[in-house]
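Pasting upload13.cif here (mmCIF, C-alpha atoms and all ligand atoms):
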```cif
data_start
loop_
_atom_site.group_PDB
_atom_site.id
_atom_site.type_symbol
_atom_site.label_atom_id
_atom_site.label_comp_id
_atom_site.auth_asym_id
_atom_site.auth_seq_id
_atom_site.Cartn_x
_atom_site.Cartn_y
_atom_site.Cartn_z
ATOM 1 C CA MET A 26 0.000 0.000 0.000
ATOM 2 C CA ASN A 27 1.217 3.481 -0.835
ATOM 3 C CA VAL A 28 1.812 5.297 2.446
ATOM 4 C CA GLU A 29 1.800 9.075 2.273
ATOM 5 C CA LYS A 30 4.661 10.895 4.036
ATOM 6 C CA PHE A 31 3.806 14.024 6.010
ATOM 7 C CA SER A 32 6.270 16.780 6.798
ATOM 8 C CA ALA A 33 7.847 16.415 10.242
ATOM 9 C CA ALA A 34 7.781 20.183 10.899
ATOM 10 C CA GLY A 35 5.455 21.355 13.681
ATOM 11 C CA GLY A 36 2.097 22.881 12.890
ATOM 12 C CA PRO A 37 -1.303 24.136 14.033
ATOM 13 C CA ILE A 38 -3.906 22.221 16.038
ATOM 14 C CA GLY A 39 -6.534 20.850 13.647
ATOM 15 C CA VAL A 40 -10.194 21.183 14.628
ATOM 16 C CA PHE A 41 -12.636 19.240 12.494
ATOM 17 C CA ASP A 42 -16.420 19.230 12.264
ATOM 18 C CA SER A 43 -18.958 18.246 9.640
ATOM 19 C CA GLY A 44 -19.964 21.910 9.439
ATOM 20 C CA TYR A 45 -20.309 24.857 11.773
ATOM 21 C CA GLY A 46 -20.879 23.118 15.117
ATOM 22 C CA GLY A 47 -17.195 22.646 15.883
ATOM 23 C CA LEU A 48 -16.853 26.426 16.022
ATOM 24 C CA THR A 49 -18.525 26.251 19.455
ATOM 25 C CA ILE A 50 -15.619 24.027 20.553
ATOM 26 C CA LEU A 51 -12.926 26.005 18.727
ATOM 27 C CA SER A 52 -13.921 29.287 20.364
ATOM 28 C CA GLU A 53 -13.612 27.768 23.875
ATOM 29 C CA ILE A 54 -10.298 26.090 22.986
ATOM 30 C CA ARG A 55 -8.909 29.386 21.721
ATOM 31 C CA LYS A 56 -10.041 31.158 24.888
ATOM 32 C CA ALA A 57 -8.205 28.595 27.018
ATOM 33 C CA LEU A 58 -5.173 28.217 24.722
ATOM 34 C CA PRO A 59 -4.872 31.467 22.748
ATOM 35 C CA ASP A 60 -1.191 31.188 21.822
ATOM 36 C CA TYR A 61 -1.372 28.211 19.488
ATOM 37 C CA ASP A 62 -2.203 28.239 15.795
ATOM 38 C CA TYR A 63 -5.336 26.474 14.585
ATOM 39 C CA ILE A 64 -6.839 25.160 11.364
ATOM 40 C CA TYR A 65 -10.601 24.719 11.444
ATOM 41 C CA LEU A 66 -12.052 22.443 8.781
ATOM 42 C CA GLY A 67 -15.795 22.195 8.209
ATOM 43 C CA ASP A 68 -16.960 19.569 5.732
ATOM 44 C CA ASN A 69 -20.024 21.667 4.941
ATOM 45 C CA ALA A 70 -20.425 20.252 1.432
ATOM 46 C CA ARG A 71 -21.116 16.802 2.917
ATOM 47 C CA ALA A 72 -22.875 17.853 6.147
ATOM 48 C CA PRO A 73 -24.928 16.857 8.003
ATOM 49 C CA TYR A 74 -23.170 13.696 9.165
ATOM 50 C CA GLY A 75 -25.788 12.927 11.827
ATOM 51 C CA SER A 76 -27.977 10.719 9.653
ATOM 52 C CA ARG A 77 -25.160 9.077 7.650
ATOM 53 C CA SER A 78 -23.988 5.484 8.003
ATOM 54 C CA PHE A 79 -21.011 4.375 10.072
ATOM 55 C CA GLU A 80 -18.899 3.622 6.953
ATOM 56 C CA ILE A 81 -19.530 7.012 5.359
ATOM 57 C CA VAL A 82 -18.861 9.045 8.510
ATOM 58 C CA TYR A 83 -15.644 7.040 8.993
ATOM 59 C CA GLN A 84 -14.568 7.582 5.368
ATOM 60 C CA PHE A 85 -15.329 11.340 5.369
ATOM 61 C CA THR A 86 -13.674 11.879 8.762
ATOM 62 C CA LEU A 87 -10.562 9.941 7.769
ATOM 63 C CA GLU A 88 -10.284 12.032 4.592
ATOM 64 C CA ALA A 89 -10.562 15.235 6.630
ATOM 65 C CA VAL A 90 -8.001 14.095 9.214
ATOM 66 C CA THR A 91 -5.569 13.096 6.450
ATOM 67 C CA GLU A 92 -6.019 16.536 4.869
ATOM 68 C CA LEU A 93 -5.268 18.231 8.201
ATOM 69 C CA PHE A 94 -2.143 16.049 8.569
ATOM 70 C CA ARG A 95 -1.037 17.152 5.069
ATOM 71 C CA ARG A 96 -1.470 20.742 6.195
ATOM 72 C CA GLY A 97 0.910 20.200 9.103
ATOM 73 C CA CYS A 98 -1.400 19.324 12.005
ATOM 74 C CA HIS A 99 0.128 16.803 14.423
ATOM 75 C CA LEU A 100 -2.882 16.955 16.707
ATOM 76 C CA VAL A 101 -6.470 16.913 15.454
ATOM 77 C CA ILE A 102 -9.596 17.357 17.570
ATOM 78 C CA LEU A 103 -12.764 15.808 16.166
ATOM 79 C CA ALA A 104 -15.054 18.618 17.354
ATOM 80 C CA CYS A 105 -18.048 16.583 16.224
ATOM 81 C CA ASN A 106 -19.811 13.980 18.321
ATOM 82 C CA THR A 107 -20.978 12.036 15.287
ATOM 83 C CA ALA A 108 -17.410 11.735 13.964
ATOM 84 C CA SER A 109 -16.112 10.974 17.473
ATOM 85 C CA ALA A 110 -18.771 8.273 17.844
ATOM 86 C CA LYS A 111 -18.398 6.634 14.467
ATOM 87 C CA ALA A 112 -14.824 7.249 13.291
ATOM 88 C CA LEU A 113 -12.481 8.050 16.172
ATOM 89 C CA ARG A 114 -11.773 4.556 17.393
ATOM 90 C CA ASN A 115 -11.056 3.173 13.910
ATOM 91 C CA ILE A 116 -8.821 6.113 13.065
ATOM 92 C CA GLN A 117 -6.868 5.724 16.310
ATOM 93 C CA GLN A 118 -6.522 1.957 16.039
ATOM 94 C CA LEU A 119 -6.369 1.256 12.301
ATOM 95 C CA ASP A 120 -5.227 4.418 10.535
ATOM 96 C CA LEU A 121 -2.797 6.285 12.806
ATOM 97 C CA PRO A 122 -0.324 3.371 12.974
ATOM 98 C CA ARG A 123 -0.139 3.417 9.170
ATOM 99 C CA LEU A 124 -0.430 7.197 8.563
ATOM 100 C CA ASP A 125 1.904 8.426 11.324
ATOM 101 C CA PRO A 126 1.961 6.772 14.751
ATOM 102 C CA SER A 127 3.319 9.936 16.390
ATOM 103 C CA ARG A 128 0.258 12.042 15.495
ATOM 104 C CA ARG A 129 -2.862 12.142 17.624
ATOM 105 C CA VAL A 130 -6.592 12.417 16.977
ATOM 106 C CA LEU A 131 -8.818 13.158 19.984
ATOM 107 C CA GLY A 132 -12.604 13.300 20.276
ATOM 108 C CA VAL A 133 -15.201 15.098 22.371
ATOM 109 C CA ILE A 134 -17.138 12.214 23.933
ATOM 110 C CA ARG A 135 -14.553 10.899 26.381
ATOM 111 C CA PRO A 136 -13.771 14.276 28.037
ATOM 112 C CA THR A 137 -17.510 14.980 28.334
ATOM 113 C CA VAL A 138 -18.154 11.635 30.006
ATOM 114 C CA GLU A 139 -15.257 12.228 32.412
ATOM 115 C CA ALA A 140 -16.686 15.639 33.367
ATOM 116 C CA ILE A 141 -20.285 14.585 34.062
ATOM 117 C CA GLY A 142 -19.174 12.467 37.030
ATOM 118 C CA SER A 143 -18.705 15.629 39.048
ATOM 119 C CA ILE A 144 -21.850 17.369 37.743
ATOM 120 C CA THR A 145 -24.676 14.888 38.342
ATOM 121 C CA ARG A 146 -26.043 14.380 41.842
ATOM 122 C CA ASN A 147 -28.232 11.338 41.223
ATOM 123 C CA GLY A 148 -26.546 9.625 38.231
ATOM 124 C CA HIS A 149 -29.525 10.091 35.880
ATOM 125 C CA ILE A 150 -28.048 11.433 32.653
ATOM 126 C CA GLY A 151 -29.863 12.581 29.531
ATOM 127 C CA ILE A 152 -28.045 12.933 26.219
ATOM 128 C CA PHE A 153 -29.305 14.999 23.293
ATOM 129 C CA ALA A 154 -27.444 14.039 20.114
ATOM 130 C CA THR A 155 -27.792 13.344 16.412
ATOM 131 C CA PRO A 156 -29.513 10.103 15.308
ATOM 132 C CA GLY A 157 -26.059 8.776 14.324
ATOM 133 C CA THR A 158 -24.481 9.409 17.705
ATOM 134 C CA VAL A 159 -27.472 7.909 19.521
ATOM 135 C CA ALA A 160 -27.524 4.823 17.256
ATOM 136 C CA SER A 161 -23.792 4.272 17.847
ATOM 137 C CA GLY A 162 -24.453 3.861 21.577
ATOM 138 C CA SER A 163 -21.131 5.652 22.201
ATOM 139 C CA TYR A 164 -22.309 7.717 25.166
ATOM 140 C CA ASN A 165 -23.920 4.708 26.840
ATOM 141 C CA ILE A 166 -20.753 2.640 26.298
ATOM 142 C CA GLU A 167 -18.334 5.318 27.534
ATOM 143 C CA ILE A 168 -20.505 6.205 30.543
ATOM 144 C CA ALA A 169 -20.873 2.522 31.467
ATOM 145 C CA LYS A 170 -17.063 2.198 31.535
ATOM 146 C CA LEU A 171 -16.473 5.157 33.854
ATOM 147 C CA HIS A 172 -19.730 5.332 35.807
ATOM 148 C CA PRO A 173 -21.357 1.884 35.691
ATOM 149 C CA ASP A 174 -24.149 2.921 38.081
ATOM 150 C CA PHE A 175 -25.451 5.812 35.982
ATOM 151 C CA ALA A 176 -28.791 5.578 34.168
ATOM 152 C CA VAL A 177 -28.376 6.978 30.648
ATOM 153 C CA THR A 178 -31.165 8.097 28.323
ATOM 154 C CA ALA A 179 -29.883 9.130 24.908
ATOM 155 C CA HIS A 180 -32.401 10.946 22.745
ATOM 156 C CA ALA A 181 -31.995 11.866 19.060
ATOM 157 C CA CYS A 182 -32.959 15.355 17.887
ATOM 158 C CA PRO A 183 -32.942 15.096 14.078
ATOM 159 C CA MET A 184 -34.311 18.611 13.515
ATOM 160 C CA TRP A 185 -31.862 20.547 15.653
ATOM 161 C CA VAL A 186 -28.844 20.634 13.305
ATOM 162 C CA PRO A 187 -30.973 21.761 10.321
ATOM 163 C CA LEU A 188 -32.496 24.489 12.530
ATOM 164 C CA VAL A 189 -29.028 25.775 13.410
ATOM 165 C CA GLU A 190 -27.615 25.470 9.900
ATOM 166 C CA ASN A 191 -30.643 27.285 8.470
ATOM 167 C CA ARG A 192 -30.324 30.138 10.990
ATOM 168 C CA GLU A 193 -33.604 29.277 12.697
ATOM 169 C CA ALA A 194 -32.074 28.703 16.158
ATOM 170 C CA ASP A 195 -33.338 31.952 17.666
ATOM 171 C CA ARG A 196 -36.642 32.105 15.746
ATOM 172 C CA PRO A 197 -40.041 31.123 17.206
ATOM 173 C CA GLY A 198 -40.277 27.955 15.067
ATOM 174 C CA ALA A 199 -37.363 26.459 16.988
ATOM 175 C CA ASP A 200 -39.387 26.477 20.238
ATOM 176 C CA TYR A 201 -41.662 23.722 19.002
ATOM 177 C CA PHE A 202 -38.844 21.346 18.038
ATOM 178 C CA VAL A 203 -36.865 22.028 21.206
ATOM 179 C CA ARG A 204 -39.820 21.485 23.511
ATOM 180 C CA GLN A 205 -40.832 18.306 21.683
ATOM 181 C CA GLU A 206 -37.440 16.662 22.330
ATOM 182 C CA VAL A 207 -37.114 17.964 25.894
ATOM 183 C CA ASP A 208 -40.564 16.562 26.746
ATOM 184 C CA ALA A 209 -39.715 13.195 25.153
ATOM 185 C CA LEU A 210 -36.464 12.899 27.109
ATOM 186 C CA LEU A 211 -38.067 13.799 30.418
ATOM 187 C CA GLU A 212 -40.908 11.408 29.742
ATOM 188 C CA ALA A 213 -38.369 8.604 29.234
ATOM 189 C CA ASP A 214 -36.605 9.448 32.522
ATOM 190 C CA GLY A 215 -38.236 11.988 34.824
ATOM 191 C CA ASP A 216 -35.302 11.789 37.264
ATOM 192 C CA VAL A 217 -32.696 13.154 34.856
ATOM 193 C CA ASP A 218 -30.665 15.847 36.656
ATOM 194 C CA THR A 219 -27.976 16.389 33.997
ATOM 195 C CA ILE A 220 -28.468 16.787 30.258
ATOM 196 C CA VAL A 221 -25.477 16.664 27.919
ATOM 197 C CA LEU A 222 -25.695 18.586 24.654
ATOM 198 C CA GLY A 223 -23.952 15.779 22.779
ATOM 199 C CA CYS A 224 -23.762 17.556 19.440
ATOM 200 C CA THR A 225 -21.521 20.524 18.871
ATOM 201 C CA HIS A 226 -24.289 22.413 17.071
ATOM 202 C CA TYR A 227 -26.632 22.366 20.044
ATOM 203 C CA PRO A 228 -25.025 25.149 22.154
ATOM 204 C CA ILE A 229 -26.387 27.532 19.512
ATOM 205 C CA LEU A 230 -29.874 26.434 20.648
ATOM 206 C CA TYR A 231 -28.926 26.767 24.332
ATOM 207 C CA PRO A 232 -31.227 29.708 25.184
ATOM 208 C CA LYS A 233 -34.258 27.784 23.836
ATOM 209 C CA ILE A 234 -33.181 24.534 25.501
ATOM 210 C CA ARG A 235 -32.612 26.296 28.833
ATOM 211 C CA GLU A 236 -36.109 27.776 28.611
ATOM 212 C CA ALA A 237 -37.688 24.372 27.963
ATOM 213 C CA VAL A 238 -35.736 22.360 30.549
ATOM 214 C CA PRO A 239 -36.970 22.679 34.153
ATOM 215 C CA GLU A 240 -34.739 24.596 36.542
ATOM 216 C CA GLY A 241 -32.513 22.406 38.654
ATOM 217 C CA ILE A 242 -31.493 20.252 35.695
ATOM 218 C CA GLU A 243 -27.922 20.983 34.609
ATOM 219 C CA ILE A 244 -27.341 21.449 30.877
ATOM 220 C CA VAL A 245 -23.799 20.516 29.916
ATOM 221 C CA ARG A 246 -22.135 22.230 26.968
ATOM 222 C CA GLN A 247 -18.932 20.634 25.755
ATOM 223 C CA GLY A 248 -16.821 23.632 24.700
ATOM 224 C CA ASP A 249 -15.092 24.446 27.970
ATOM 225 C CA ILE A 250 -14.895 20.751 28.954
ATOM 226 C CA VAL A 251 -13.029 19.904 25.742
ATOM 227 C CA ALA A 252 -10.827 23.011 26.111
ATOM 228 C CA ARG A 253 -9.846 22.080 29.685
ATOM 229 C CA SER A 254 -9.210 18.488 28.688
ATOM 230 C CA LEU A 255 -6.972 19.617 25.811
ATOM 231 C CA ALA A 256 -4.991 21.959 28.077
ATOM 232 C CA ASP A 257 -4.502 19.051 30.473
ATOM 233 C CA TYR A 258 -3.492 16.720 27.619
ATOM 234 C CA LEU A 259 -0.821 19.178 26.440
ATOM 235 C CA MET A 260 0.569 19.460 29.966
ATOM 236 C CA ARG A 261 0.843 15.698 30.182
ATOM 237 C CA HIS A 262 2.312 15.384 26.666
ATOM 238 C CA PRO A 263 5.182 17.866 26.260
ATOM 239 C CA GLU A 264 6.435 15.882 23.255
ATOM 240 C CA MET A 265 3.214 16.853 21.436
ATOM 241 C CA GLU A 266 3.092 20.387 22.849
ATOM 242 C CA ARG A 267 6.566 21.085 21.407
ATOM 243 C CA ARG A 268 5.296 20.227 17.923
ATOM 244 C CA LEU A 269 2.574 22.897 17.963
ATOM 245 C CA THR A 270 3.275 26.259 16.391
ATOM 246 C CA ARG A 271 2.468 29.423 18.304
ATOM 247 C CA GLY A 272 1.226 32.622 16.729
ATOM 248 C CA GLY A 273 -2.431 32.815 17.736
ATOM 249 C CA HIS A 274 -3.502 32.454 14.105
ATOM 250 C CA THR A 275 -6.575 30.536 12.902
ATOM 251 C CA GLN A 276 -7.199 29.446 9.337
ATOM 252 C CA TYR A 277 -10.766 28.517 8.355
ATOM 253 C CA LEU A 278 -11.321 25.905 5.655
ATOM 254 C CA THR A 279 -14.588 24.638 4.269
ATOM 255 C CA THR A 280 -15.551 22.192 1.545
ATOM 256 C CA GLU A 281 -18.540 24.422 0.598
ATOM 257 C CA ASN A 282 -18.851 28.003 -0.591
ATOM 258 C CA PRO A 283 -16.415 30.107 1.500
ATOM 259 C CA ASP A 284 -18.602 33.232 1.549
ATOM 260 C CA LYS A 285 -21.540 31.259 2.877
ATOM 261 C CA PHE A 286 -19.279 29.671 5.482
ATOM 262 C CA SER A 287 -17.776 33.012 6.534
ATOM 263 C CA ALA A 288 -21.205 34.615 6.955
ATOM 264 C CA LEU A 289 -22.577 31.900 9.245
ATOM 265 C CA ALA A 290 -19.267 31.317 11.054
ATOM 266 C CA THR A 291 -19.185 35.004 11.903
ATOM 267 C CA LEU A 292 -22.592 34.582 13.513
ATOM 268 C CA PHE A 293 -21.363 31.584 15.543
ATOM 269 C CA LEU A 294 -18.135 33.242 16.664
ATOM 270 C CA GLY A 295 -19.291 36.818 17.104
ATOM 271 C CA HIS A 296 -16.457 38.230 14.976
ATOM 272 C CA PRO A 297 -15.799 38.273 11.232
ATOM 273 C CA ILE A 298 -13.650 35.587 9.630
ATOM 274 C CA ALA A 299 -12.536 34.792 6.095
ATOM 275 C CA ALA A 300 -12.739 31.181 4.917
ATOM 276 C CA GLU A 301 -11.127 29.298 2.043
ATOM 277 C CA ARG A 302 -12.677 26.494 0.051
ATOM 278 C CA ILE A 303 -10.760 23.229 -0.247
ATOM 279 C CA GLU A 304 -11.433 19.769 -1.668
ATOM 280 C CA VAL A 305 -11.148 16.877 0.762
ATOM 281 C CA LEU A 306 -10.520 13.500 -0.855
HETATM 282 N N1 LIG A 401 -21.778 18.691 14.885
HETATM 283 C C1 LIG A 401 -22.084 17.307 14.731
HETATM 284 C C2 LIG A 401 -22.069 16.578 16.065
HETATM 285 O O1 LIG A 401 -21.532 17.061 17.018
HETATM 286 C C3 LIG A 401 -23.383 17.011 14.055
HETATM 287 C C4 LIG A 401 -23.726 17.767 12.869
HETATM 288 C C5 LIG A 401 -24.091 16.867 11.723
HETATM 289 O O2 LIG A 401 -25.085 16.123 11.794
HETATM 290 O O3 LIG A 401 -23.336 16.921 10.760
HETATM 291 O O4 LIG A 401 -22.590 15.510 16.196
#
```

Can the structure from this file be put into C-alpha cells for me?
Ligand code: DGL
Amino acid sequence: MNVEKFSAAGGPIGVFDSGYGGLTILSEIRKALPDYDYIYLGDNARAPYGSRSFEIVYQFTLEAVTELFRRGCHLVILACNTASAKALRNIQQLDLPRLDPSRRVLGVIRPTVEAIGSITRNGHIGIFATPGTVASGSYNIEIAKLHPDFAVTAHACPMWVPLVENREADRPGADYFVRQEVDALLEADGDVDTIVLGCTHYPILYPKIREAVPEGIEIVRQGDIVARSLADYLMRHPEMERRLTRGGHTQYLTTENPDKFSALATLFLGHPIAAERIEVL
C-alpha cells in the first residue's frame, strides 16, 4: 500500500467538524489556549453527518483528518460527536499506525463523560445528540465504563442541526422542536438531573433549551470541557506540545462556498472571519 509521508515540521492544532458546530468548541479552545495556531475544517459540502452510516462518517472523517495532517497538524480534535462516535476509534486503532503513529486524533465524547461524574447528583443522565451518535451507543458505552451505576437516556434530535444550519435557532419555530425533544427525554426518565448537549451544534440552541428544561437540571455544553481536557493533555504530553506552532492564528477551511461559510461562522463566533474552500478527498 502506498503510504503518504507528512512533513515532520510542527504545525497548528486541527479542529474538524462536519460543518459549523465545531466552532462552538474552537472558540472555547482558543479562549483557554490562545497562543497556538489552529486550522478549522468544516466539511459543509457533505454535512450533516448525523444521519449518515457508520462507513460514510468514517470515510469522510478519515479524509478530513488526512487533509489536516497534510497541512501540518500533528494533533487533530474531532469537534463533532458524530465523527467521534463513528470514526475516532477506527482512526486511532487502524489508521494512525499506518499514517503516522506519532500524530494524535482526539474526540469530544470521552472528556464529556469524564466531566459529568462531578456534575450529576443522582446519576440520571440525559443525552441529546444526532440520530447517528445515539444509534452508535457511544455515550452509553463510555458512561458505562467510567460510571457503571449511571442511568443513561440518549435521545436523538434530528431537527436541531438543520435548525441551526438554516439560521432558525433563535426564531419562534425552533421552540416547538426544542420542547418536543425535551418533553420526550423527560418522559423517558423523569429523574434526569444532567443533560449533555452531545452535538456541537446544540449550544447555539442553548437559550431555547434552557427555557424548555426545568430549573434544577444541569445542561452541559462541551466547549469548555473539551478546552480544559486539551490543556490538560498538552501538559501531560510535552512531546506533542513542542510540535505545535504558536502565533495565535486561525485558518478557516470549508468544503462548501467560502462566503456562505464566513457569513454563518461570523454569527457563531461573534467576529468576522474569512474562509477558504478546499477539496477533501
Ligand atoms: N456537529 C455534529 C455533532 O456534534 C453534528 C452535525 C451533523 O449532523 O453533521 O454531532

Original post:
Near segment 154-168 of chain A, counting all atoms listed in the file, which residues have an atom at most 7 Å away, once you skip same-chain residues fewer than 2 positions from it, shown as a PyMOL selection string?
Top reply: chain A and resi 75-77+106-107+110-111+134-135+138+152+170-173+177+179-183+222-224

Saved selection, atoms kept: C-alpha atoms, as a short mmCIF file (atom, residue, chain, number, x, y, z; two decimals), keeping the file's coordinate frame:
```cif
data_model
loop_
_atom_site.label_atom_id
_atom_site.label_comp_id
_atom_site.auth_asym_id
_atom_site.auth_seq_id
_atom_site.Cartn_x
_atom_site.Cartn_y
_atom_site.Cartn_z
CA GLY A 75 -25.79 12.93 11.83
CA SER A 76 -27.98 10.72 9.65
CA ARG A 77 -25.16 9.08 7.65
CA ASN A 106 -19.81 13.98 18.32
CA THR A 107 -20.98 12.04 15.29
CA ALA A 110 -18.77 8.27 17.84
CA LYS A 111 -18.40 6.63 14.47
CA ILE A 134 -17.14 12.21 23.93
CA ARG A 135 -14.55 10.90 26.38
CA VAL A 138 -18.15 11.64 30.01
CA ILE A 152 -28.04 12.93 26.22
CA LYS A 170 -17.06 2.20 31.54
CA LEU A 171 -16.47 5.16 33.85
CA HIS A 172 -19.73 5.33 35.81
CA PRO A 173 -21.36 1.88 35.69
CA VAL A 177 -28.38 6.98 30.65
CA ALA A 179 -29.88 9.13 24.91
CA HIS A 180 -32.40 10.95 22.74
CA ALA A 181 -32.00 11.87 19.06
CA CYS A 182 -32.96 15.36 17.89
CA PRO A 183 -32.94 15.10 14.08
CA LEU A 222 -25.70 18.59 24.65
CA GLY A 223 -23.95 15.78 22.78
CA CYS A 224 -23.76 17.56 19.44
#
```

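What the PyMOL selection byres (((chain A and resi 243) around 9) and not hetatm) picks from this file is Ile144, Thr145, Asp218, Thr219, Ile220, Val221, Val238, Glu240, Gly241, Ile242, Ile244 and Val245 of chain A.
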
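Distances here use all atoms listed in the file; by that measure, the residue among A:Thr225, A:Gln276, A:Thr91, A:Asn282 closest to Ile298 of chain A is A:Gln276.
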
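The coordinates place atom CA of Ile38 of chain A at 12.2 Å from atom CA of Ala252 of chain A.
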
Around all of ligand LIG 401 (chain A)'s listed atoms, make the axis-aligned box with 3 Å on each side and tell me centre and edge lengths in Å to one decimal, as lines of an AutoDock Vina configuration file.
```
center_x = -23.3
center_y = 17.1
center_z = 13.9
size_x = 9.6
size_y = 9.2
size_z = 12.3
```

Apply the PyMOL selection byres (((chain A and resi 133) around 8) and not hetatm) to the file shown and report the selected residues as a short mmCIF file (atom, residue, chain, number, x, y, z; two decimals) with C-alpha atoms, keeping the file's coordinate frame.
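Full text of out.cif as output:
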```
data_model
loop_
_atom_site.label_atom_id
_atom_site.label_comp_id
_atom_site.auth_asym_id
_atom_site.auth_seq_id
_atom_site.Cartn_x
_atom_site.Cartn_y
_atom_site.Cartn_z
CA ILE A 102 -9.60 17.36 17.57
CA LEU A 103 -12.76 15.81 16.17
CA ALA A 104 -15.05 18.62 17.35
CA CYS A 105 -18.05 16.58 16.22
CA ASN A 106 -19.81 13.98 18.32
CA SER A 109 -16.11 10.97 17.47
CA LEU A 131 -8.82 13.16 19.98
CA GLY A 132 -12.60 13.30 20.28
CA ILE A 134 -17.14 12.21 23.93
CA ARG A 135 -14.55 10.90 26.38
CA PRO A 136 -13.77 14.28 28.04
CA THR A 137 -17.51 14.98 28.33
CA GLN A 247 -18.93 20.63 25.76
CA VAL A 251 -13.03 19.90 25.74
#
```

Subject >> Pairwise distance for atom CA of Gly142 of chain A and atom CA of Ala176 of chain A, rounded to one decimal in Å >> reply: 12.2 Å

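When the PyMOL selection byres (((chain A and resi 45) around 9) and not hetatm) is run on the displayed coordinates, the residues it returns are A:Asp42, A:Ser43, A:Gly44, A:Gly46, A:Gly47, A:Leu48, A:Thr49, A:Gly67, A:Asp68, A:Asn69, A:Val189, A:Glu190, A:Thr225, A:His226, A:Phe286, A:Leu289, A:Ala290, A:Phe293.
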
**OP:** Can you work out which one of A:Ala256, A:Ile229, A:Leu124, A:Leu100 has the shortest atom-to-atom distance to ligand LIG 401 (chain A), counting only C-alpha atoms and all ligand atoms?
**Re:** A:Ile229

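Of the listed residues (A:Gly198, A:Pro73, A:Pro263, A:Pro297), A:Pro73 comes nearest to ligand LIG 401 (chain A); the distances count all atoms listed in the file.
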
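For the set A:Leu119, A:Ile150, A:Val186, A:Leu230, the residue with the smallest atom-to-atom gap to ligand LIG 401 (chain A) is A:Val186, counting all atoms listed in the file.
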
**OP:** Show which residues sit within 12 Å of Leu93 of chain A, as an MDAnalysis selection string. Count only C-alpha atoms, and ignore same-chain residues fewer than 3 positions away.
**Re:** chainID A and resid 31:32 36:42 63:67 86:90 96:103 128:130 276:279 303:306

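Our summary of the geometry notes that atom CA of Leu211 of chain A is positioned 24.8 Å from atom O3 of ligand LIG 401 (chain A).
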
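For the residues A:Glu281, A:Glu92, A:Asp195, A:Asp249, ranking by smallest atom-to-atom distance to Ala140 of chain A using only C-alpha atoms places A:Asp249 first.
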